[in-house]
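> This is the structure, below, for whatever I ask next.
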Amino acid sequence: MEILNQWAFIGIFAVMAPIFPALPILIAWVLRPSKPNVLKSQTYECGVETVGDTWVQFRVQYYIYGLVFLVFDVEMVLLFPWAVAYNRLDFFAFAAGLLFIFLLFDGLLYAWRKGVLVWR
Amino acid sequence: MDCPGLCEALVQGGANPGLAQFLSLFVGVVLVSGIPLVTVIVLILVERKVAARIQDRIGPNRVGPFGSLQTFADLLKLLTKEDITPTAADRLLYNAAPLVSFASVVLIWAVIPYTPYHFGADLEIGALYFVAVASLGTLAIMTAGWASNNKYALLGAFRVVALLVSYEIPLVFALMVPIMLAGTLNMLDIIYAQSSMWFVFMAPLAMLLFAISSQAETGRAPFDLIEAESELVAGFNIEYSGMKFGMFFAAEFMHVFTNAILLTIFFFGGWLGPLWNEPLIAFAWLGLKASLIYFVFLWVRNTVPRLRIDQVMRFNWFFLVPVSIGNLLLTALLLKLMQELGLAPRVLQTATLGEVLPMTLVLLLANLGIIALILGRLRTTGRSERLATGGGAGSMAVAAGD
Amino acid sequence: MEFNAITLAFIVFSLVTLGGGIGVVTCINLFRGTIWLMVSLFGMAGLFILLSAPFLAAVQVLVYIGAIAILFTFAVMLTRSITHLPVRFTRLWANAFAAGAFFVLLVAGVIYPVWVVNDAVHFPVSDVTRTTADLGVALVSGNGFVLPFEVASLLLTAAMIGAIVIARDVDDEL
Amino acid sequence: MIPLWMYLVVAAALFCIGMFGVLARRNGVGVLMSVELMLSAVNLNIVAFWRYSTPENTTGMVFAAFLFVVAAAEAAVGLAIIISVYRNRHSVIPEEADTLKG
């Protein structure tokens, strides 16, 4: 139960954390003037009228950055236990980690070669 | 149930044990989270003063002695500013985004050990908790950009998010080096593992990588190309005004100092220093080290020019990521070799200075070797690029990688 | 079963998980759907903590909220007409009935007879749980899961290369 | 302490919600999100069984960790396919992309 006690702290903290920024916003909501008009609450576009739809088509390169990050993120998830247990293990652990990262690096190498990681 | 300190006093005073425990936890939460909230008010003033001195100005000096009340004046101004919500916005998500952004930074402080005896939660997975919570901030930025229903906000958010996720990779690979050396994810154990030798001497390169990528995670100069506050509209928070904008702003300031504290804990021994057994002295050590690192962050911010987004991305994918992976593997190899030869202790928490000295020397030399190699390569690449572009200034900024 | 803080936490996290799930399958706007998915998976991270698997909880937040959510939002923006799809569902009532019937079948046919009445496994057999370091030892020691560990890396690399090949613009070719 | 069957009921409910989404959603991205829900429900089951029957063993944790890998790979490739189909046919409705040609 000792462990859950620590997490109870995190739980209360997680509930409290958004309340701290919410308080000044609430106070401001009471204090501030509020005189909205049509022009003021339009979408800002460098002073001119908004043109077209906001959901414009984006380039696929954003998706590819997200994709490469996702793959690395999941790899890191498996590498964290490896790093934590590293001191307890023998030389075989290094070989396993090396192979793991080598396989991952192959994918990165492919992405480099295809030039998808160059911002355009 | 385990219930020391305040909780025990409450139970003896006749309170319900469950309620007493909740109250003591609640008081703990308020105390722990109070520290970052108070610090951020001081930080904003410090930041402005330091920036002014670096730029040969005086900085705020009207409100209070040496302008010390300037932040409160600004706070009052923000409180009375009209808060405009665009009609096209998704109101729920638009209002939630600044809260999540701020909370994602405050939540990190729950696992930071202020002294050997005072900390929020002593989690087994403290370091992973920090990485996980910090990723909430990315989602907050995405939500802010989308909910504003503005092309510039959305485009700005996309670019910030692409930048943030890119720089999280070297950040975590650099973080893995101290974790591997300490053999634990627990923040307290990571600090105790440095009791005979700080990790900065064993892994200076990992320290540099962590510092660079955490600076990028905060989205500050030289990585503030998305906000570019002096030239462009503000990026993802363009539609935010008043206190909601203030919350994004405060979160950014707090994030920088949080990163300084984390760097202190992972590489500079946290509260370790002479007489660290005394809570107050330990706290002072942590604050002193973090403030020095924070000053270096400010220095970098105010002196290094802003980079273009293609340069920033290239710097990350073709330089930081391979270097951080190589650094991790080299550290792992050397560590394992020395452990197998009996030159390095397997448990650093109880090791003496004599035991860790050989491994420190080897790792330090290896790190310095890599740094020398990188600098040499950068010099040749930079020179050839300068020659190719006829001495153009732009090519000097990031000449790394390919 | 007495009512205490853990029970309360379990109820809250279950409601968050299931509510988020319902939000995912019913929302019109897919960006909001992504947010609902994150809410649901955040609740599940809480359940993992109650099951004394804090490592998995942190990984849940890191992988889903840090990475998969970002990927989904990028994909939603890339396929823009998605947010204005006129028809949300196909054969709404038939499918809802099928899913509901399946749930009743699972609870009444499997969970109730085996784990409620039968009392085979009701409470944890021990409070000793494994830590992250033990997981690491199991992952890379020779008699552990070292082969799946490497295959996981291979799978991810294959997924990355495959997804890049599929998603890349033709004019992105250098 | 919460009995095991409560976790199983929550997991079953989440699985069925996900299943409904997979069957009924017309939008490809929505279908993928529902698949993520189903995978998560499976993960909850695995972790619950691990905790209640063999907590002194690491197998359950290892399985759960690998399920994250599978979920990530599924999301990555699935979304890439949807983006590709969308680019070629300007549609995200799975039934309309049934010719198996890019």
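We name chains A, B, ... following the order of the structure tokens; residues begin at 1 in each chain, and ligands are numbered from 1 as shown.
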As a ChimeraX atom specification, please: the residues near Ile2 (chain D) (cut-off 8 Å, only C-alpha atoms, same-chain neighbours under 4 positions excluded).
/C:1,6-7,123 /D:6
> Store the residues picked out above, limited to all heavy atoms, as a compact mmCIF listing (two decimals), in the first residue's frame.

```
# COMPACT_ATOMS: atom_id res chain seq x y z
N MET C 1 -16.68 -6.46 -0.13
CA MET C 1 -15.82 -5.39 -0.66
C MET C 1 -16.20 -4.06 -0.03
O MET C 1 -17.28 -3.54 -0.29
CB MET C 1 -15.99 -5.32 -2.18
CG MET C 1 -14.96 -4.45 -2.84
SD MET C 1 -15.25 -4.33 -4.60
CE MET C 1 -16.66 -3.25 -4.67
N ILE C 6 -9.37 3.11 -2.91
CA ILE C 6 -9.01 2.34 -4.09
C ILE C 6 -10.24 2.03 -4.93
O ILE C 6 -10.23 2.14 -6.16
CB ILE C 6 -8.27 1.06 -3.67
CG1 ILE C 6 -6.93 1.44 -3.06
CG2 ILE C 6 -8.07 0.13 -4.84
CD1 ILE C 6 -6.14 0.30 -2.55
N THR C 7 -11.34 1.67 -4.24
CA THR C 7 -12.58 1.41 -4.96
C THR C 7 -13.04 2.65 -5.71
O THR C 7 -13.43 2.57 -6.88
CB THR C 7 -13.67 0.98 -3.96
OG1 THR C 7 -13.08 0.13 -3.00
CG2 THR C 7 -14.78 0.26 -4.67
N PHE C 123 -8.74 -12.80 -5.86
CA PHE C 123 -7.86 -11.76 -5.35
C PHE C 123 -6.42 -12.11 -5.66
O PHE C 123 -6.11 -13.28 -5.89
CB PHE C 123 -8.07 -11.59 -3.84
CG PHE C 123 -9.41 -11.03 -3.53
CD1 PHE C 123 -10.42 -11.83 -3.03
CD2 PHE C 123 -9.68 -9.70 -3.79
CE1 PHE C 123 -11.67 -11.31 -2.79
CE2 PHE C 123 -10.93 -9.18 -3.53
CZ PHE C 123 -11.92 -9.98 -3.04
N MET D 6 -14.14 -7.55 -11.89
CA MET D 6 -14.50 -6.17 -12.21
C MET D 6 -13.63 -5.63 -13.33
O MET D 6 -14.12 -4.96 -14.25
CB MET D 6 -14.34 -5.31 -10.97
CG MET D 6 -15.40 -5.56 -9.94
SD MET D 6 -15.33 -4.28 -8.73
CE MET D 6 -17.01 -4.22 -8.23
```
> Counting only C-alpha atoms, a student should be able to say which residues of chain A come within 6 Å of chain B; what is the right answer, written as a list of chain:residue names?
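That gives A:Gln6, A:Phe9, A:Phe13, A:Ala17, A:Pro18, A:Pro21, A:Ile25, A:Ala28, A:Leu31, A:Arg32, A:Pro33, A:Ser34, A:Ser41, A:Gln42, A:Thr43, A:Thr54, A:Ala83, A:Val84, A:Asn87, A:Trp119 for chain A.
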> What are the DSSP alpha helix (DSSP H) residues of chain A, as a PyMOL selection string?
chain A and resi 2-16+19-31+60-85+91-114
> Grab the CA of Val47 (chain D) to CA of Ala13 (chain D) distance for me, in Å with one decimal place.
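Straight-line distance from CA of Val47 (chain D) to CA of Ala13 (chain D) works out to 16.1 Å.
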> Could you please determine the separation between CA of Ala158 (chain C) and CA of Asp90 (chain A) in Å, to one decimal place?
29.1 Å
> Show me, as JSON, numbers by chain, the residues of chain D whose atoms get within 8 Å of chain C, using only C-alpha atoms for the distance check.
{"D": [1, 2, 3, 4, 5, 8, 9, 10, 12, 13, 14, 16, 17, 18, 19, 20, 21, 23, 24, 25, 26, 27, 29, 30, 33, 34, 37, 40, 44, 47, 48, 51, 52, 53, 54, 55, 56, 57, 58, 61, 62, 64, 65, 66, 68, 69, 72, 73, 74, 75, 76, 77, 79, 80, 81, 83, 84, 86, 87, 92]}
> Distance limit 6 Å, atoms considered: only C-alpha atoms. Which chain B residues sit that close to chain C? Return them as a PyMOL selection string.
chain B and resi 129+132+135
> Could you turn the residues from that selection into a file that holds N, CA, C and O atoms, as a compact mmCIF listing (two decimals), in the first residue's frame?

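File produced: result_0.txt:
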```
# COMPACT_ATOMS: atom_id res chain seq x y z
N TYR B 129 8.25 8.89 -15.53
CA TYR B 129 7.09 9.73 -15.23
C TYR B 129 7.29 11.12 -15.81
O TYR B 129 6.39 11.70 -16.43
N ALA B 132 6.85 11.03 -19.54
CA ALA B 132 5.46 10.81 -19.92
C ALA B 132 4.64 12.09 -19.72
O ALA B 132 3.86 12.49 -20.60
N SER B 135 5.09 14.86 -22.22
CA SER B 135 4.48 14.67 -23.53
C SER B 135 3.05 15.19 -23.56
O SER B 135 2.49 15.41 -24.64
```
> Mind giving me the straight-line distance from CA of Phe210 (chain B) to CA of Leu320 (chain B) in Å, one decimal?
10.0 Å
> Pull out every residue of chain A that has at least one atom within 6 Å of chain C, counting only C-alpha atoms, and report them as a list in words.
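Putting it all together, I get Gln57, Phe58, Tyr63, Gly66, Leu70, Pro81, Trp82, Val84, Ala85, Ala93, Phe100, Leu104 and Gly107 of chain A.
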> Taking only C-alpha atoms into account and nothing else, which residues of chain A lie no more than 9 Å away from chain D? Please answer as a list of chain:residue names.
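Interface list for chain A against chain D: A:Val60, A:Tyr63, A:Leu67, A:Leu70, A:Val71, A:Val74, A:Glu75, A:Val77, A:Leu78.
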> Give the answer as one residue: which of B:Lys289, B:Arg57, B:Arg306, B:His255 has the shortest atom-to-atom distance to Phe268 (chain B), using only C-alpha atoms?
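Looking at the shortest contact to Phe268 (chain B), the residue is B:Lys289.
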